[in-house]
Structures are given as structure tokens and as C-alpha cells.
>>> print(open('upload-v2.pdb').read())   # PDB, C-alpha atoms, pLDDT in the B column
ATOM      1  CA  MET A   1       1.601  -5.834  11.728  1.00 34.00           C
ATOM      2  CA  ARG A   2       4.415  -7.468   9.775  1.00 40.00           C
ATOM      3  CA  SER A   3       4.878  -4.211   7.884  1.00 41.00           C
ATOM      4  CA  LYS A   4       5.389  -2.175  11.076  1.00 41.00           C
ATOM      5  CA  ARG A   5       8.294  -4.317  12.195  1.00 41.00           C
ATOM      6  CA  ARG A   6      10.008  -4.099   8.814  1.00 41.00           C
ATOM      7  CA  THR A   7       9.301  -0.470   8.028  1.00 40.00           C
ATOM      8  CA  ARG A   8       7.159   2.396   9.181  1.00 45.00           C
ATOM      9  CA  ASN A   9       5.400   2.624   5.852  1.00 51.00           C
ATOM     10  CA  CYS A  10       1.666   2.325   5.974  1.00 50.00           C
ATOM     11  CA  GLN A  11      -1.240   3.394   3.821  1.00 49.00           C
ATOM     12  CA  SER A  12      -4.804   4.357   4.454  1.00 50.00           C
ATOM     13  CA  TYR A  13      -7.183   1.935   2.812  1.00 51.00           C
ATOM     14  CA  PHE A  14     -10.506   1.625   4.503  1.00 50.00           C
ATOM     15  CA  SER A  15     -11.939  -1.769   5.259  1.00 47.00           C
ATOM     16  CA  PRO A  16     -15.407  -1.823   3.690  1.00 51.00           C
ATOM     17  CA  HIS A  17     -15.134  -2.036  -0.084  1.00 51.00           C
ATOM     18  CA  LEU A  18     -17.530   0.788  -0.786  1.00 54.00           C
ATOM     19  CA  TRP A  19     -18.115   1.364  -4.454  1.00 59.00           C
ATOM     20  CA  LEU A  20     -16.077   4.537  -4.682  1.00 60.00           C
ATOM     21  CA  SER A  21     -17.666   5.872  -7.845  1.00 64.00           C
ATOM     22  CA  TYR A  22     -20.849   6.435  -5.800  1.00 77.00           C
ATOM     23  CA  ILE A  23     -19.346   7.707  -2.549  1.00 86.00           C
ATOM     24  CA  THR A  24     -19.726  11.287  -1.323  1.00 91.00           C
ATOM     25  CA  SER A  25     -16.816  13.420  -0.222  1.00 94.00           C
ATOM     26  CA  ALA A  26     -18.201  13.509   3.329  1.00 95.00           C
ATOM     27  CA  LYS A  27     -18.494   9.713   3.516  1.00 93.00           C
ATOM     28  CA  LEU A  28     -15.010   9.174   2.080  1.00 93.00           C
ATOM     29  CA  SER A  29     -13.529  11.720   4.522  1.00 95.00           C
ATOM     30  CA  SER A  30     -15.246   9.897   7.370  1.00 94.00           C
ATOM     31  CA  GLU A  31     -13.887   6.531   6.166  1.00 92.00           C
ATOM     32  CA  ILE A  32     -10.361   7.921   5.808  1.00 93.00           C
ATOM     33  CA  GLU A  33     -10.495   9.443   9.305  1.00 95.00           C
ATOM     34  CA  GLU A  34     -11.821   6.236  10.889  1.00 94.00           C
ATOM     35  CA  THR A  35      -9.213   4.106   9.124  1.00 92.00           C
ATOM     36  CA  ASP A  36      -6.455   6.509  10.164  1.00 93.00           C
ATOM     37  CA  LYS A  37      -7.572   6.187  13.798  1.00 95.00           C
ATOM     38  CA  ILE A  38      -7.449   2.395  13.634  1.00 94.00           C
ATOM     39  CA  ILE A  39      -4.040   2.322  11.942  1.00 91.00           C
ATOM     40  CA  GLN A  40      -2.649   4.919  14.345  1.00 93.00           C
ATOM     41  CA  LYS A  41      -3.971   2.972  17.340  1.00 94.00           C
ATOM     42  CA  LEU A  42      -2.362  -0.258  16.089  1.00 92.00           C
ATOM     43  CA  THR A  43       0.939   1.142  14.812  1.00 90.00           C
ATOM     44  CA  GLY A  44       1.424   4.528  16.455  1.00 91.00           C
ATOM     45  CA  PHE A  45       1.624   6.173  13.034  1.00 89.00           C
ATOM     46  CA  LYS A  46      -0.928   8.063  10.977  1.00 91.00           C
ATOM     47  CA  PRO A  47      -0.815   7.270   7.243  1.00 90.00           C
ATOM     48  CA  SER A  48      -0.042  10.065   4.811  1.00 89.00           C
ATOM     49  CA  LEU A  49      -0.628   7.987   1.669  1.00 91.00           C
ATOM     50  CA  TYR A  50      -3.967   6.747   0.371  1.00 92.00           C
ATOM     51  CA  ARG A  51      -4.767   4.024  -2.148  1.00 89.00           C
ATOM     52  CA  PRO A  52      -8.370   4.030  -3.361  1.00 88.00           C
ATOM     53  CA  VAL A  53     -10.111   0.674  -3.049  1.00 82.00           C
ATOM     54  CA  GLY A  54      -9.665  -1.327  -6.223  1.00 80.00           C
ATOM     55  CA  GLY A  55      -7.577   1.471  -7.716  1.00 83.00           C
ATOM     56  CA  ILE A  56     -10.839   3.187  -8.654  1.00 84.00           C
ATOM     57  CA  TYR A  57     -10.583   6.954  -8.554  1.00 87.00           C
ATOM     58  CA  ASN A  58     -12.098  10.138  -9.948  1.00 90.00           C
ATOM     59  CA  ASP A  59     -11.759  13.854  -9.186  1.00 92.00           C
ATOM     60  CA  LEU A  60     -13.945  13.620  -6.083  1.00 93.00           C
ATOM     61  CA  ILE A  61     -11.849  10.790  -4.612  1.00 92.00           C
ATOM     62  CA  VAL A  62      -8.507  12.440  -5.376  1.00 93.00           C
ATOM     63  CA  ASN A  63      -9.606  15.880  -4.151  1.00 95.00           C
ATOM     64  CA  THR A  64     -11.122  14.411  -0.970  1.00 95.00           C
ATOM     65  CA  ALA A  65      -7.920  12.504  -0.231  1.00 94.00           C
ATOM     66  CA  ILE A  66      -5.877  15.673  -0.752  1.00 95.00           C
ATOM     67  CA  LYS A  67      -8.202  17.637   1.566  1.00 96.00           C
ATOM     68  CA  ASN A  68      -7.482  14.919   4.149  1.00 96.00           C
ATOM     69  CA  ARG A  69      -3.722  15.523   3.713  1.00 93.00           C
ATOM     70  CA  LYS A  70      -3.138  12.322   1.760  1.00 93.00           C
ATOM     71  CA  GLU A  71      -0.940  11.668  -1.231  1.00 89.00           C
ATOM     72  CA  VAL A  72      -2.857   9.371  -3.603  1.00 91.00           C
ATOM     73  CA  VAL A  73      -0.971   6.263  -4.722  1.00 90.00           C
ATOM     74  CA  ILE A  74      -2.173   3.866  -7.404  1.00 89.00           C
ATOM     75  CA  SER A  75      -0.586   0.460  -7.926  1.00 88.00           C
ATOM     76  CA  ASN A  76       0.158  -0.319 -11.559  1.00 88.00           C
ATOM     77  CA  GLN A  77       0.728  -4.060 -11.334  1.00 90.00           C
ATOM     78  CA  ASP A  78      -1.871  -6.319  -9.739  1.00 88.00           C
ATOM     79  CA  SER A  79      -0.796  -9.799  -8.694  1.00 89.00           C
ATOM     80  CA  ARG A  80      -4.455 -10.870  -8.904  1.00 87.00           C
ATOM     81  CA  ASP A  81      -3.680 -13.047  -5.910  1.00 86.00           C
ATOM     82  CA  TRP A  82      -7.102 -12.266  -4.469  1.00 82.00           C
ATOM     83  CA  SER A  83      -8.442 -14.958  -6.832  1.00 83.00           C
ATOM     84  CA  ASP A  84      -6.181 -17.494  -5.027  1.00 81.00           C
ATOM     85  CA  PRO A  85      -4.203 -18.693  -8.075  1.00 88.00           C
ATOM     86  CA  PRO A  86      -1.348 -21.181  -7.682  1.00 90.00           C
ATOM     87  CA  VAL A  87       2.079 -19.921  -6.611  1.00 91.00           C
ATOM     88  CA  SER A  88       3.522 -20.426 -10.107  1.00 94.00           C
ATOM     89  CA  GLN A  89       0.844 -18.200 -11.654  1.00 94.00           C
ATOM     90  CA  ILE A  90       1.493 -15.374  -9.185  1.00 93.00           C
ATOM     91  CA  CYS A  91       5.251 -15.648  -9.809  1.00 94.00           C
ATOM     92  CA  ASN A  92       4.896 -15.658 -13.599  1.00 94.00           C
ATOM     93  CA  SER A  93       2.415 -12.791 -13.602  1.00 92.00           C
ATOM     94  CA  ILE A  94       4.681 -10.525 -11.582  1.00 93.00           C
ATOM     95  CA  THR A  95       8.096 -11.441 -12.950  1.00 93.00           C
ATOM     96  CA  LYS A  96       7.044 -11.270 -16.611  1.00 91.00           C
ATOM     97  CA  GLY A  97       5.257  -7.921 -16.241  1.00 87.00           C
ATOM     98  CA  VAL A  98       7.555  -6.071 -13.867  1.00 91.00           C
ATOM     99  CA  LYS A  99       9.214  -2.836 -14.925  1.00 90.00           C
ATOM    100  CA  PRO A 100      11.317  -0.327 -12.994  1.00 88.00           C
ATOM    101  CA  GLY A 101       9.087   1.890 -10.868  1.00 87.00           C
ATOM    102  CA  ASN A 102       6.150  -0.521 -10.715  1.00 90.00           C
ATOM    103  CA  ILE A 103       4.002  -0.497  -7.613  1.00 91.00           C
ATOM    104  CA  ILE A 104       2.892  -4.089  -7.158  1.00 91.00           C
ATOM    105  CA  LEU A 105      -0.278  -4.910  -5.252  1.00 89.00           C
ATOM    106  CA  PHE A 106      -0.359  -8.074  -3.132  1.00 88.00           C
ATOM    107  CA  HIS A 107      -2.892  -9.375  -0.614  1.00 82.00           C
ATOM    108  CA  ASP A 108      -2.231 -11.851   2.185  1.00 68.00           C
ATOM    109  CA  TRP A 109      -5.462 -12.226   4.112  1.00 65.00           C
ATOM    110  CA  HIS A 110      -5.519 -16.010   3.626  1.00 61.00           C
ATOM    111  CA  GLY A 111      -2.629 -16.633   6.010  1.00 58.00           C
ATOM    112  CA  THR A 112      -0.622 -15.214   8.866  1.00 57.00           C
ATOM    113  CA  GLU A 113       3.073 -14.790   9.464  1.00 60.00           C
ATOM    114  CA  TYR A 114       2.970 -17.905  11.682  1.00 61.00           C
ATOM    115  CA  ASN A 115       0.806 -20.048   9.405  1.00 57.00           C
ATOM    116  CA  GLN A 116       1.880 -19.347   5.843  1.00 53.00           C
ATOM    117  CA  THR A 117      -1.072 -20.853   4.011  1.00 64.00           C
ATOM    118  CA  CYS A 118      -1.473 -17.911   1.666  1.00 76.00           C
ATOM    119  CA  GLN A 119      -0.283 -18.506  -1.894  1.00 85.00           C
ATOM    120  CA  THR A 120       1.046 -14.939  -2.001  1.00 87.00           C
ATOM    121  CA  VAL A 121       3.317 -15.484   0.978  1.00 84.00           C
ATOM    122  CA  LYS A 122       4.648 -18.651  -0.653  1.00 85.00           C
ATOM    123  CA  ALA A 123       5.147 -16.862  -3.994  1.00 91.00           C
ATOM    124  CA  LEU A 124       6.962 -13.855  -2.543  1.00 91.00           C
ATOM    125  CA  ASP A 125      10.175 -15.753  -1.781  1.00 90.00           C
ATOM    126  CA  ASN A 126      10.434 -16.798  -5.430  1.00 93.00           C
ATOM    127  CA  ILE A 127       9.382 -13.401  -6.764  1.00 94.00           C
ATOM    128  CA  LEU A 128      11.838 -11.483  -4.577  1.00 94.00           C
ATOM    129  CA  ASN A 129      14.705 -13.822  -5.480  1.00 94.00           C
ATOM    130  CA  ILE A 130      13.994 -13.374  -9.201  1.00 94.00           C
ATOM    131  CA  LEU A 131      13.665  -9.596  -8.860  1.00 93.00           C
ATOM    132  CA  TYR A 132      16.908  -9.276  -6.880  1.00 93.00           C
ATOM    133  CA  LYS A 133      18.783 -11.495  -9.367  1.00 95.00           C
ATOM    134  CA  ASN A 134      17.592  -9.187 -12.153  1.00 92.00           C
ATOM    135  CA  GLY A 135      18.851  -6.058 -10.410  1.00 92.00           C
ATOM    136  CA  TYR A 136      15.596  -4.866  -8.846  1.00 91.00           C
ATOM    137  CA  LYS A 137      15.415  -3.435  -5.357  1.00 89.00           C
ATOM    138  CA  CYS A 138      12.199  -3.312  -3.357  1.00 89.00           C
ATOM    139  CA  VAL A 139      11.583   0.077  -1.776  1.00 89.00           C
ATOM    140  CA  THR A 140       8.723   1.873  -0.120  1.00 88.00           C
ATOM    141  CA  VAL A 141       6.597   4.262  -2.114  1.00 87.00           C
ATOM    142  CA  SER A 142       8.134   7.119  -0.135  1.00 84.00           C
ATOM    143  CA  GLU A 143      11.608   6.041  -1.229  1.00 86.00           C
ATOM    144  CA  MET A 144      10.459   5.682  -4.824  1.00 84.00           C
ATOM    145  CA  ILE A 145       9.022   9.197  -4.772  1.00 77.00           C
ATOM    146  CA  TYR A 146      12.209  10.530  -3.214  1.00 78.00           C
ATOM    147  CA  HIS A 147      14.433   8.898  -5.824  1.00 75.00           C
ATOM    148  CA  SER A 148      12.222  10.016  -8.690  1.00 73.00           C
ATOM    149  CA  THR A 149      11.898  13.640  -7.570  1.00 67.00           C
ATOM    150  CA  LYS A 150      15.079  14.054  -5.509  1.00 56.00           C
ATOM    151  CA  ILE A 151      13.044  15.961  -2.955  1.00 51.00           C
ATOM    152  CA  ILE A 152      10.535  14.848  -0.372  1.00 48.00           C
ATOM    153  CA  PRO A 153       7.408  17.023  -0.343  1.00 49.00           C
ATOM    154  CA  ASP A 154       6.563  18.578   3.026  1.00 52.00           C
ATOM    155  CA  SER A 155       3.286  16.667   3.132  1.00 49.00           C
ATOM    156  CA  PHE A 156       5.161  13.379   3.479  1.00 47.00           C
ATOM    157  CA  GLU A 157       6.542  14.256   6.937  1.00 47.00           C
ATOM    158  CA  ILE A 158       9.017  11.383   6.670  1.00 43.00           C
ATOM    159  CA  TYR A 159      10.335  12.067  10.145  1.00 41.00           C
ATOM    160  CA  PRO A 160       7.395  12.278  12.558  1.00 41.00           C
ATOM    161  CA  SER A 161       6.849  15.649  14.137  1.00 40.00           C
ATOM    162  CA  LYS A 162       6.148  16.119  17.832  1.00 40.00           C
ATOM    163  CA  ARG A 163       2.523  16.849  16.980  1.00 40.00           C
ATOM    164  CA  GLU A 164       1.654  13.518  15.383  1.00 44.00           C
ATOM    165  CA  LYS A 165       3.397  10.527  13.964  1.00 42.00           C
ATOM    166  CA  THR A 166       3.000   9.773  10.264  1.00 42.00           C
ATOM    167  CA  ALA A 167       3.884   6.773   8.173  1.00 42.00           C
ATOM    168  CA  HIS A 168       3.980   5.772   4.546  1.00 42.00           C
ATOM    169  CA  ILE A 169       2.887   2.872   2.460  1.00 39.00           C
ATOM    170  CA  ASP A 170       4.831  -0.226   1.635  1.00 42.00           C
ATOM    171  CA  ILE A 171       2.767  -1.692  -1.202  1.00 39.00           C
ATOM    172  CA  ILE A 172       4.660  -4.906  -1.622  1.00 39.00           C
ATOM    173  CA  PHE A 173       3.584  -6.374   1.742  1.00 33.00           C
TER     174      PHE A 173
END
>>> encode(input="upload-v2.pdb", output="C-alpha cells")
Amino acid sequence: MRSKRRTRNCQSYFSPHLWLSYITSAKLSSEIEETDKIIQKLTGFKPSLYRPVGGIYNDLIVNTAIKNRKEVVISNQDSRDWSDPPVSQICNSITKGVKPGNIILFHDWHGTEYNQTCQTVKALDNILNILYKNGYKCVTVSEMIYHSTKIIPDSFEIYPSKREKTAHIDIIF
């Protein structure tokens, strides 16, 4: 919910970590639809971006996501924070490997915004300070796509239509 207050960027990423190399198109479509319903119920927005679990993808996954009106987004820098490393390791991993245009994947399921026990949450202050000092700016994936293409594809529906609200991903949080 933190993401909704800061931005209306949200992604579809279904909860069960199904091994996507063995999933059928019908099952993936069902998972995407169910996840969209949950996200829309909680935020009021339906995601238009999709990140495959674990960054694992093949033609079936990409084509199924497209059939479900999703733009597929793959992160290219993993904080590996899911292994619960110390704050210094997360900071070093990200700041030494960052490049313009990177999509950095973080997780924060170990803590909440009121009880910041998660190492990632603790590391983000340091990481963001270092990135800002080095001229980086954190943006949503939608903004990154816009700045890299200078146009926003119709499928992004940045401004929600009267028919249904849509939202986009903010990978960093």
C-alpha cells in the first residue's frame, strides 16, 4: 500500500510462485486475472504491466501476458535481498552494479512501514542517497519507457479512462 500513496504505479505479479516454465497459457491467464482483481480491489487501479515470477519467461509467458493486455517488464538488477543479507551487502550490491536505465528489484516482506525490521527498508535510505548524489533519479517504469521512446504506447493508458482505472509498476518499492 505504500506504493499507492507515493505513486499510482503497480504491477501484476501473482502470489503463488508457480514454476512458470511449466505453466499453461490458461493457468497463467487465470492467475493474471485473479491478481488484477485483488490489486484493483485494494488500490482502485488495474495493472497494465506484468513481471514474470523470478524473471523467468518464454514465448508462452510473454504472449499470454500480451493477450491479457500487459506490457512485460523484466528487472535487470536483483538486490538479492530475499536472502536477508546485511544492509551493507544490499547497499554495495546495488550501488556498485547500477547503470542508467536499470530496473532494480527489491522485496520488503520482512517488515512494514510502521515496523522497519526489513534489511531492504534500512538499506534504501543509504542506496537512494548514494544514487541521488551520483546524479541518478528514481522513476517509474512508465516514466522510463516514456523518456526512452518519447511516446507512451496506447496500451499504457497512463491517464485512467472512464471504463477502468489502470496503473503501472514502480519496481523500486
>>> atom_distance(input="upload-v2.pdb", atom1="CA of Gly55 (chain A)", atom2="CA of Leu105 (chain A)")
10.0 Å
>>> resolve_selection(input="upload-v2.pdb", expression="the PyMOL selection byres ((chain A and resi 89) around 12)", output="number ranges by chain")
A: 79-81, 83-88, 90-96, 119-120, 122-124, 126-127
>>> residues_around(input="upload-v2.pdb", residues="Ile61 (chain A)", least_positions_apart="6", cutoff="12 Å", atoms="all atoms listed in the file", output="PyMOL selection string")
chain A and resi 19-29+31-32+50-53+55+67-68+70-73
>>> atom_distance(input="upload-v2.pdb", atom1="CA of Leu49 (chain A)", atom2="CA of Asp36 (chain A)")
10.4 Å
>>> resolve_selection(input="upload-v2.pdb", expression="the PyMOL selection byres ((chain A and resi 104) around 7)", output="PDB file with C-alpha atoms, in the coordinates of the input")
ATOM      1  CA  SER A  75      -0.586   0.460  -7.926  1.00 88.00           C
ATOM      2  CA  ASN A  76       0.158  -0.319 -11.559  1.00 88.00           C
ATOM      3  CA  GLN A  77       0.728  -4.060 -11.334  1.00 90.00           C
ATOM      4  CA  ASP A  78      -1.871  -6.319  -9.739  1.00 88.00           C
ATOM      5  CA  SER A  79      -0.796  -9.799  -8.694  1.00 89.00           C
ATOM      6  CA  ASN A 102       6.150  -0.521 -10.715  1.00 90.00           C
ATOM      7  CA  ILE A 103       4.002  -0.497  -7.613  1.00 91.00           C
ATOM      8  CA  LEU A 105      -0.278  -4.910  -5.252  1.00 89.00           C
ATOM      9  CA  PHE A 106      -0.359  -8.074  -3.132  1.00 88.00           C
ATOM     10  CA  ILE A 171       2.767  -1.692  -1.202  1.00 39.00           C
ATOM     11  CA  ILE A 172       4.660  -4.906  -1.622  1.00 39.00           C
TER      12      ILE A 172
END
>>> atom_distance(input="upload-v2.pdb", atom1="CA of Glu33 (chain A)", atom2="CA of Val62 (chain A)")
15.1 Å
>>> closest_residue(input="upload-v2.pdb", among="A:Trp82, A:Thr140, A:Phe45, A:Ser30", to="Thr64 (chain A)", atoms="only C-alpha atoms")
A:Ser30
>>> residues_around(input="upload-v2.pdb", residues="Pro100 (chain A)", least_positions_apart="5", cutoff="12 Å", atoms="all atoms listed in the file", output="number ranges by chain")
A: 76-77, 95, 131, 134-139, 144, 148
